[in-house]
Amino acid sequence: NNVMDFEFQKMINGIGMFRMTLFDESGSDIEEKIVKNKGTIKFRYGYNINEEIMSPWYTGKVLNYSIDFQTNGSIIHFSGVSLGWEMNASKTFKGFNANQKISDIVKEIGEQYGFEEKDMIIEPTKSVRTRDDQEKTENINKSFLQKGETSLQFILSTLRTYAINEQGQGDYICFFEEIDNKSKLHFHTKWYGELDEKAVPAFTQFKSKNSPVLKFTPTWNVSMFQLFGAGSTFTSSFDADTKQYDVDFKHLQQDPQGSVSKDPRTNIEGEFPSSKDGKLNAFFSSSECFRTSAEAKASSANTLSKFYAGSIGGTLDIIGTTNMVLISKIAVIIYQNHLKTTTSGKMVHWISGYFRITKIVDRIKLGSFTTSLTLITDGRA
């Protein structure tokens with residue numbers, strides 16, 4: 001085995017990235033193959049006991065490499081991109097029909113890069129209505145222009161900003177996966193279709209000495225802010241017993257006909273009322289005091305979804321595996337004997353529950369294989 005160091009990252013809203021360090025006994029064979037194929041390589045990794053625990057074959061593009069010459073060979077270091085890099089390789093100028101929904105545009109872009117319909121998992125989006133550049137007051141469908149961006153940049157920076165589904169949920173994600181030597185394109189909300197899961201892997205810590213868990217580090221991030229011009233502010237909360245999210249919001253008493261201050265910050269006093277005392281759409285309706293366009297509402301929905309669904313996250317380091325899939329659901333259960341028994345009768349930390357995978361980093365170094373998972377809470381579990 002000539003692998004000295006290897007790392008492969010897969011993430012939502014990005015492309016795959018890899019780096020490798022290999023020992024070449026011949027001194028130049030590996031370098032010559034990379035140059036001959038213009039930087040295009042194929043690789044897979046895992047345990048070579050059988051095919052089922054090996055990763056699929058990935059196609060990568062080497063972007064840089066360096067060599068350390070040794071008396072008995074050479075050590076070559078190289079890194080590059082994989083999983084969707086083609087959509088981030090060239091910049092394009094193109095306009096799209098105003099009657100096309102965002103999901104239709106993503107589908108059209110996918111077809112341009114050879115994705116068949118069965119290989120694109122795209123959640124339908126609502127049309128975005130706007131009054132931009134219109135002398136009349138009626139709303140029209142918003143048109144989108146790709147202005148010298150790569151297709152992936154256009155999807156991530158422009159289309160995601162306004163993408164909401166029929167239920168008003170935003171924060172769409174875009175990522176790529178490799179299944180049976182076929183690339184698949186994803187563009188949907190984090191819980192779209194529940195991804196047809198049959199079984200949820202469970203990882204436990206401190207229950208058994210044979211646990212694959214090496215380390216679990218949860219994080220808590222509460223965001224409270226005012227969307228400028230929206231007239232409301234909100235903060236998310238998390239119930240440790242029911243694992244359910246809630247949103248508290250405060251409506252700022254401002255004259256919708258008045259001018260907006262140069263300093264958009266507003267001091268808020270008193271307690272936030274529970275969102276149970278009002279409907280969440282009150283938050284959105286306040287944003288229309290200053291701008292009646294559904295375009296602003298779509299952007300607000302995306303911001304709310306982003307902070308609302310990911311308030312709790314963490315990093316889980318486990319013994320290496322090639323079976324983890326982006327955005328799939330896993331369970332993490334932390335047993336600690338000194339904690340009080342919960343209502344379920346189990347001695348577990350309250351952070352235990354379901355999580356979704358937003359990033360996977362597989363590492364192989366000196367024969368040791370580990371997997372690091374970046375997680376967010378599953379707010380619908």
# chains A, B, ... in the order shown; residues from 1 in each chain; ligands from 1
call {"tool": "select_by_dssp", "arguments": {"residues": "range 7-209 of chain A", "states": "helix (DSSP H, G or I)", "output": "ChimeraX atom specification"}}
result
/A:29-36,51-53,85-88,102-112,117-119,151-162,192-196
call {"tool": "residues_around", "arguments": {"residues": "Lys91 in chain A", "least_positions_apart": "4", "cutoff": "10 Å", "atoms": "only C-alpha atoms", "output": "PyMOL selection string"}}
result
chain A and resi 87+146-154
call {"tool": "atom_distance", "arguments": {"atom1": "CA of Asn165 in chain A", "atom2": "CA of Glu123 in chain A"}}
result
7.4 Å
call {"tool": "closest_residue", "arguments": {"among": "A:Glu25, A:Met324, A:Asp362, A:Glu7", "to": "Pro201 in chain A", "atoms": "only C-alpha atoms"}}
result
A:Met324
call {"tool": "select_by_dssp", "arguments": {"residues": "range 82-230 of chain A", "states": "strand (DSSP E)", "output": "ChimeraX atom specification"}}
result
/A:82,91-95,120-122,129-130,140-141,145-150,173-179,182-188,202-205,213-220,224-226
call {"tool": "atom_distance", "arguments": {"atom1": "CA of Trp191 in chain A", "atom2": "CA of Thr125 in chain A"}}
result
14.4 Å
call {"tool": "atom_distance", "arguments": {"atom1": "CA of Ile357 in chain A", "atom2": "CA of Phe18 in chain A"}}
result
18.6 Å
call {"tool": "closest_atom_pairs", "arguments": {"of": "range 131-223 of chain A", "to": "range 57-69 of chain A", "cutoff": "12 Å", "atoms": "only C-alpha atoms", "output": "tab-separated table"}}
result
residue	atom	partner	partner_atom	distance
A:Phe176	CA	A:Tyr58	CA	11.4
A:Glu177	CA	A:Tyr58	CA	9.6
A:Glu178	CA	A:Tyr58	CA	7.2
A:Ile179	CA	A:Trp57	CA	9.0
A:Asp180	CA	A:Trp57	CA	8.5
A:Asn181	CA	A:Trp57	CA	6.4
A:Lys182	CA	A:Trp57	CA	9.4
A:Ser183	CA	A:Tyr58	CA	9.2
call {"tool": "write_last_selection", "arguments": {"atoms": "N, CA and C atoms", "output": "mmCIF file, in the first residue's frame"}}
result
data_model
loop_
_atom_site.group_PDB
_atom_site.id
_atom_site.type_symbol
_atom_site.label_atom_id
_atom_site.label_comp_id
_atom_site.auth_asym_id
_atom_site.auth_seq_id
_atom_site.Cartn_x
_atom_site.Cartn_y
_atom_site.Cartn_z
ATOM 1 N N PHE A 176 -23.883 16.783 -4.408
ATOM 2 C CA PHE A 176 -23.714 15.713 -5.383
ATOM 3 C C PHE A 176 -23.333 14.431 -4.654
ATOM 4 N N GLU A 177 -23.772 13.299 -5.180
ATOM 5 C CA GLU A 177 -23.366 12.010 -4.622
ATOM 6 C C GLU A 177 -23.117 11.021 -5.748
ATOM 7 N N GLU A 178 -22.351 10.004 -5.435
ATOM 8 C CA GLU A 178 -21.995 8.976 -6.412
ATOM 9 C C GLU A 178 -22.629 7.662 -5.989
ATOM 10 N N ILE A 179 -23.496 7.100 -6.825
ATOM 11 C CA ILE A 179 -24.162 5.828 -6.536
ATOM 12 C C ILE A 179 -24.072 4.950 -7.776
ATOM 13 N N ASP A 180 -23.515 3.757 -7.595
ATOM 14 C CA ASP A 180 -23.402 2.801 -8.701
ATOM 15 C C ASP A 180 -22.763 3.439 -9.934
ATOM 16 N N ASN A 181 -21.666 4.160 -9.687
ATOM 17 C CA ASN A 181 -20.901 4.803 -10.756
ATOM 18 C C ASN A 181 -21.720 5.824 -11.547
ATOM 19 N N LYS A 182 -22.759 6.373 -10.920
ATOM 20 C CA LYS A 182 -23.554 7.433 -11.524
ATOM 21 C C LYS A 182 -23.622 8.604 -10.555
ATOM 22 N N SER A 183 -23.379 9.819 -11.077
ATOM 23 C CA SER A 183 -23.476 11.017 -10.249
ATOM 24 C C SER A 183 -24.930 11.459 -10.149
#
call {"tool": "residues_around", "arguments": {"residues": "Ile12 in chain A", "least_positions_apart": "4", "cutoff": "10 Å", "atoms": "only C-alpha atoms", "output": "list in words"}}
result
Gly16, Tyr172, Ile173, Cys174, Phe175, Phe176, His186, Phe187, Lys190, Leu326, Ile327, Ile357, Thr358, Lys359 and Ile360 of chain A
call {"tool": "decode", "arguments": {"residues": "range 39-52 of chain A", "atoms": "all heavy atoms", "output": "compact mmCIF listing (two decimals), in the first residue's frame"}}
result
# COMPACT_ATOMS: atom_id res chain seq x y z
N GLY A 39 -4.52 15.52 -15.41
CA GLY A 39 -5.00 15.75 -14.05
C GLY A 39 -6.25 15.00 -13.67
O GLY A 39 -6.71 15.08 -12.54
N THR A 40 -6.85 14.25 -14.59
CA THR A 40 -8.06 13.49 -14.28
C THR A 40 -7.66 12.13 -13.69
O THR A 40 -6.87 11.40 -14.28
CB THR A 40 -8.91 13.27 -15.53
OG1 THR A 40 -9.30 14.55 -16.06
CG2 THR A 40 -10.16 12.47 -15.20
N ILE A 41 -8.20 11.81 -12.53
CA ILE A 41 -7.90 10.55 -11.87
C ILE A 41 -9.19 9.90 -11.39
O ILE A 41 -10.24 10.55 -11.31
CB ILE A 41 -6.96 10.74 -10.65
CG1 ILE A 41 -7.67 11.55 -9.55
CG2 ILE A 41 -5.65 11.40 -11.07
CD1 ILE A 41 -6.90 11.60 -8.25
N LYS A 42 -9.13 8.62 -11.08
CA LYS A 42 -10.21 7.90 -10.42
C LYS A 42 -9.66 7.28 -9.15
O LYS A 42 -8.53 6.80 -9.14
CB LYS A 42 -10.80 6.82 -11.33
CG LYS A 42 -11.75 7.35 -12.38
CD LYS A 42 -12.61 6.23 -12.97
CE LYS A 42 -13.71 6.81 -13.84
NZ LYS A 42 -14.65 5.75 -14.31
N PHE A 43 -10.46 7.33 -8.08
CA PHE A 43 -10.00 6.77 -6.82
C PHE A 43 -11.19 6.22 -6.02
O PHE A 43 -12.34 6.64 -6.20
CB PHE A 43 -9.26 7.82 -5.99
CG PHE A 43 -10.10 9.00 -5.56
CD1 PHE A 43 -10.76 8.99 -4.34
CD2 PHE A 43 -10.22 10.13 -6.37
CE1 PHE A 43 -11.53 10.07 -3.94
CE2 PHE A 43 -10.99 11.20 -5.98
CZ PHE A 43 -11.64 11.18 -4.75
N ARG A 44 -10.89 5.28 -5.17
CA ARG A 44 -11.83 4.81 -4.18
C ARG A 44 -11.03 4.36 -2.96
O ARG A 44 -9.81 4.23 -3.01
CB ARG A 44 -12.72 3.69 -4.70
CG ARG A 44 -12.02 2.38 -5.01
CD ARG A 44 -13.05 1.32 -5.37
NE ARG A 44 -12.44 0.03 -5.63
CZ ARG A 44 -13.13 -1.09 -5.78
NH1 ARG A 44 -14.45 -1.07 -5.70
NH2 ARG A 44 -12.51 -2.23 -6.00
N TYR A 45 -11.72 4.13 -1.86
CA TYR A 45 -11.02 3.85 -0.61
C TYR A 45 -11.93 3.04 0.31
O TYR A 45 -13.12 2.85 0.03
CB TYR A 45 -10.60 5.16 0.07
CG TYR A 45 -11.77 6.09 0.37
CD1 TYR A 45 -12.41 6.07 1.59
CD2 TYR A 45 -12.24 6.96 -0.61
CE1 TYR A 45 -13.48 6.90 1.85
CE2 TYR A 45 -13.32 7.79 -0.37
CZ TYR A 45 -13.93 7.76 0.87
OH TYR A 45 -14.99 8.58 1.11
N GLY A 46 -11.38 2.57 1.39
CA GLY A 46 -12.13 1.78 2.36
C GLY A 46 -11.34 0.56 2.77
O GLY A 46 -10.11 0.53 2.72
N TYR A 47 -12.06 -0.47 3.18
CA TYR A 47 -11.44 -1.73 3.60
C TYR A 47 -11.51 -2.72 2.44
O TYR A 47 -12.60 -2.97 1.91
CB TYR A 47 -12.16 -2.29 4.83
CG TYR A 47 -12.22 -1.32 5.99
CD1 TYR A 47 -13.35 -0.53 6.22
CD2 TYR A 47 -11.14 -1.19 6.87
CE1 TYR A 47 -13.41 0.35 7.29
CE2 TYR A 47 -11.19 -0.31 7.94
CZ TYR A 47 -12.33 0.47 8.14
OH TYR A 47 -12.37 1.35 9.19
N ASN A 48 -10.39 -3.28 2.07
CA ASN A 48 -10.36 -4.13 0.89
C ASN A 48 -10.72 -5.58 1.18
O ASN A 48 -10.35 -6.49 0.45
CB ASN A 48 -9.00 -4.06 0.20
CG ASN A 48 -7.86 -4.49 1.12
OD1 ASN A 48 -8.10 -4.93 2.24
ND2 ASN A 48 -6.63 -4.38 0.64
N ILE A 49 -11.48 -5.80 2.27
CA ILE A 49 -11.92 -7.16 2.60
C ILE A 49 -12.96 -7.63 1.58
O ILE A 49 -12.91 -8.74 1.09
CB ILE A 49 -12.51 -7.20 4.03
CG1 ILE A 49 -11.46 -6.74 5.04
CG2 ILE A 49 -12.99 -8.60 4.37
CD1 ILE A 49 -12.00 -6.58 6.45
N ASN A 50 -13.90 -6.76 1.26
CA ASN A 50 -14.87 -7.08 0.20
C ASN A 50 -15.39 -5.78 -0.40
O ASN A 50 -15.18 -4.68 0.14
CB ASN A 50 -16.02 -7.95 0.74
CG ASN A 50 -16.80 -7.25 1.84
OD1 ASN A 50 -17.36 -6.17 1.64
ND2 ASN A 50 -16.85 -7.87 3.02
N GLU A 51 -16.11 -5.91 -1.51
CA GLU A 51 -16.56 -4.74 -2.26
C GLU A 51 -17.58 -3.91 -1.51
O GLU A 51 -17.67 -2.70 -1.70
CB GLU A 51 -17.16 -5.19 -3.60
CG GLU A 51 -16.15 -5.76 -4.58
CD GLU A 51 -15.24 -4.68 -5.14
OE1 GLU A 51 -15.73 -3.58 -5.40
OE2 GLU A 51 -14.03 -4.95 -5.29
N GLU A 52 -18.37 -4.52 -0.64
CA GLU A 52 -19.46 -3.83 0.03
C GLU A 52 -18.99 -2.74 0.98
O GLU A 52 -19.75 -1.83 1.30
CB GLU A 52 -20.35 -4.83 0.78
CG GLU A 52 -21.09 -5.80 -0.13
CD GLU A 52 -21.99 -6.73 0.63
OE1 GLU A 52 -22.00 -6.65 1.88
OE2 GLU A 52 -22.69 -7.53 -0.01
